[in-house]
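Structure first, commentary second.
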There are 2 protein chains.
Amino acid sequence: MKDIESLGLTKQRRAVLQTIHEAEKHLTANQVFDDARRLLPGISFATVYNSLNYLKRKGLISEIRFGTDASLYDRKVTPHDHAICNNCGKLVDLELPLPDGLLAAAADRTKFKAASIELILHGLCPECSK
Amino acid sequence: MKDIESLGLTKQRRAVLQTIHEAEKHLTANQVFDDARRLLPGISFATVYNSLNYLKRKGLISEIRFGTDASLYDRKVTPHDHAICNNCGKLVDLELPLPDGLLAAAADRTKFKAASIELILHGLCPECSK
DNA sequence: TTCTAAATCAGAATTATTCTAATTCTAAAT
DNA sequence: ATTTAGAATTAGAATAATTCTGATTTAGAA
């Protein structure tokens, strides 16, 4: 990610991006706001949302919108899958090689022009399945 | 669905259920409210939400929470997949046989106790891909 | 330096959903 | 038929996530 400098990122956007990159887990917009505020105390809520949308549009972060009420933001932008706990809502990444032809088969059935395919495993996380 | 009568459904819950069953497409809670109101003019918003949650718990409807801001409600309760349009947000059902062992493989990787697996095709719907 | 467009800001507005407290319904027991 | 207890419903308030607004600031081009 050498070219981050060259993207016309403002310091606010850089703070948001950095926050997401440094996070251990997926963050909500609220959590991003809290953390970004530590890097850049004056940043406003609206700017965090604007920045998240901007970064998303630029492909620097991705958004996950299922499982809980709020969207989560992810530094990983390459398509990947997730597992979500039915009990506590915990969301983790899942790297799973999908069979060839699955995307084409799905596109065929729906008449959609397929861009990507995403998989969600619903179940119980290790803690909740005890 | 003969046993619908026997489930101790109140008339409000029956109205909500009927609304969802008669709908052509997936509905938001708001749309359910509007339509249910036509069947049962006095029904309140809170009751629609309570009923949706109740029916979901009973397994009579299912909820879809991705793609748009609001949850969508579905009369189909058997696990099935969806395709969503990146451009207009249109959501359609997708019946796709998943390869055997995929669920087990995913569960294995995440250490989750897997319940089901769900697939989302992202792309452009026929209208938007013109 | 001046100008223009984009970015940021604070806070209001909107939207989806849940909660609360009062009232009503239901069905079992008397 | 009456009482009663618990569940369901209601209207509206409360909350939470997100977007919008209009004023101000900033950055870069002329």
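In the structure tokens, the first chain shown is A, the next is B, and so on; residue numbers restart at 1 for each chain, and ligands run from 1 in the order shown.
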Next on the checklist: Run DSSP on the backbone and tell me which residues of chain B come out as strand (DSSP E or B); list them as number ranges by chain.
Outcome noted: B: 27-28, 62-64, 72-74, 81-85, 91-94, 113-124
Checklist entry - Taking only C-alpha atoms (C1' of nucleotides) into account, which residues of chain B are within 10 Å of chain C, as a ChimeraX atom specification? => result /B:28-30,46,49-50,69-71
Take the residues just selected and output them with C-alpha atoms as an mmCIF file, in the first residue's frame.
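The result, stored in selection_27.cif:
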data_model
loop_
_atom_site.group_PDB
_atom_site.id
_atom_site.type_symbol
_atom_site.label_atom_id
_atom_site.label_comp_id
_atom_site.auth_asym_id
_atom_site.auth_seq_id
_atom_site.Cartn_x
_atom_site.Cartn_y
_atom_site.Cartn_z
ATOM 1 C CA THR B 28 -39.564 -4.401 4.658
ATOM 2 C CA ALA B 29 -41.241 -4.066 8.047
ATOM 3 C CA ASN B 30 -42.688 -0.807 6.807
ATOM 4 C CA ALA B 46 -45.103 -2.191 17.423
ATOM 5 C CA TYR B 49 -42.519 -5.788 14.754
ATOM 6 C CA ASN B 50 -43.535 -8.055 17.592
ATOM 7 C CA ASP B 69 -30.726 -0.502 5.320
ATOM 8 C CA ALA B 70 -33.830 -2.332 6.388
ATOM 9 C CA SER B 71 -34.457 -5.985 7.035
#
Per residue of chain A within 7 Å of chain B, which atom pair is closest and at what distance in Å (one decimal), using only C-alpha atoms, listed by chain and increasing number, as a tab-separated table?
residue	atom	partner	partner_atom	distance
A:Arg65	CA	B:Phe66	CA	5.3
A:Phe66	CA	B:Phe66	CA	4.9
A:Gly67	CA	B:Arg65	CA	6.8
A:Leu94	CA	B:Thr110	CA	6.7
A:Leu96	CA	B:Ala106	CA	6.8
A:Ala106	CA	B:Leu96	CA	6.8
A:Thr110	CA	B:Leu94	CA	6.7
A:Lys111	CA	B:Pro126	CA	6.1
A:Phe112	CA	B:Cys125	CA	4.6
A:Lys113	CA	B:Leu124	CA	4.9
A:Ala114	CA	B:Gly123	CA	4.3
A:Ala115	CA	B:Gly123	CA	4.5
A:Ser116	CA	B:His122	CA	5.2
A:Ile117	CA	B:Leu121	CA	4.5
A:Glu118	CA	B:Ile120	CA	5.0
A:Leu119	CA	B:Leu119	CA	4.5
A:Ile120	CA	B:Glu118	CA	5.0
A:Leu121	CA	B:Ile117	CA	4.5
A:His122	CA	B:Ser116	CA	5.3
A:Gly123	CA	B:Ala114	CA	4.3
A:Leu124	CA	B:Lys113	CA	4.9
A:Cys125	CA	B:Phe112	CA	4.6
A:Pro126	CA	B:Phe112	CA	5.6
A:Ser129	CA	B:Lys113	CA	6.7
Checklist entry - With only C-alpha atoms (C1' of nucleotides) as the atoms that count, which of D:DA30, D:DT19, D:DT25, D:DA14 lies nearest to chain A? => result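 Of all the options, D:DT19 lies closest to chain A.
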Next on the checklist: I need the residues in chain A that are alpha helix (DSSP H) according to DSSP; give them as JSON, numbers by chain.
Outcome noted: {"A": [11, 12, 13, 14, 15, 16, 17, 18, 19, 20, 21, 22, 29, 30, 31, 32, 33, 34, 35, 36, 37, 38, 39, 45, 46, 47, 48, 49, 50, 51, 52, 53, 54, 55, 56, 57, 102, 103, 104, 105, 106, 107, 108, 109, 110]}
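Contacts from chain D to chain A at a cut-off of 9 Å (only C-alpha atoms (C1' of nucleotides)) map to DA16, DA17, DT18 and DT19 of chain D.
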Polymer residues at most 8 Å from Arg75 (chain A), only C-alpha atoms (C1' of nucleotides), same-chain spacing of 3 or more positions, as an mmCIF file with N, CA and C atoms, in the first residue's frame:
data_model
loop_
_atom_site.group_PDB
_atom_site.id
_atom_site.type_symbol
_atom_site.label_atom_id
_atom_site.label_comp_id
_atom_site.auth_asym_id
_atom_site.auth_seq_id
_atom_site.Cartn_x
_atom_site.Cartn_y
_atom_site.Cartn_z
ATOM 1 N N ILE A 20 -8.828 1.799 10.873
ATOM 2 C CA ILE A 20 -9.329 0.508 10.409
ATOM 3 C C ILE A 20 -8.195 -0.480 10.194
ATOM 4 N N HIS A 21 -7.078 0.029 9.716
ATOM 5 C CA HIS A 21 -5.953 -0.875 9.503
ATOM 6 C C HIS A 21 -5.353 -1.398 10.794
ATOM 7 N N LEU A 60 -10.518 1.046 -0.730
ATOM 8 C CA LEU A 60 -9.478 0.905 0.302
ATOM 9 C C LEU A 60 -9.975 0.164 1.533
ATOM 10 N N ILE A 61 -11.262 0.115 1.692
ATOM 11 C CA ILE A 61 -11.847 -0.665 2.784
ATOM 12 C C ILE A 61 -13.104 -1.334 2.224
ATOM 13 N N SER A 62 -13.670 -2.248 2.990
ATOM 14 C CA SER A 62 -14.947 -2.800 2.558
ATOM 15 C C SER A 62 -15.939 -2.791 3.702
#
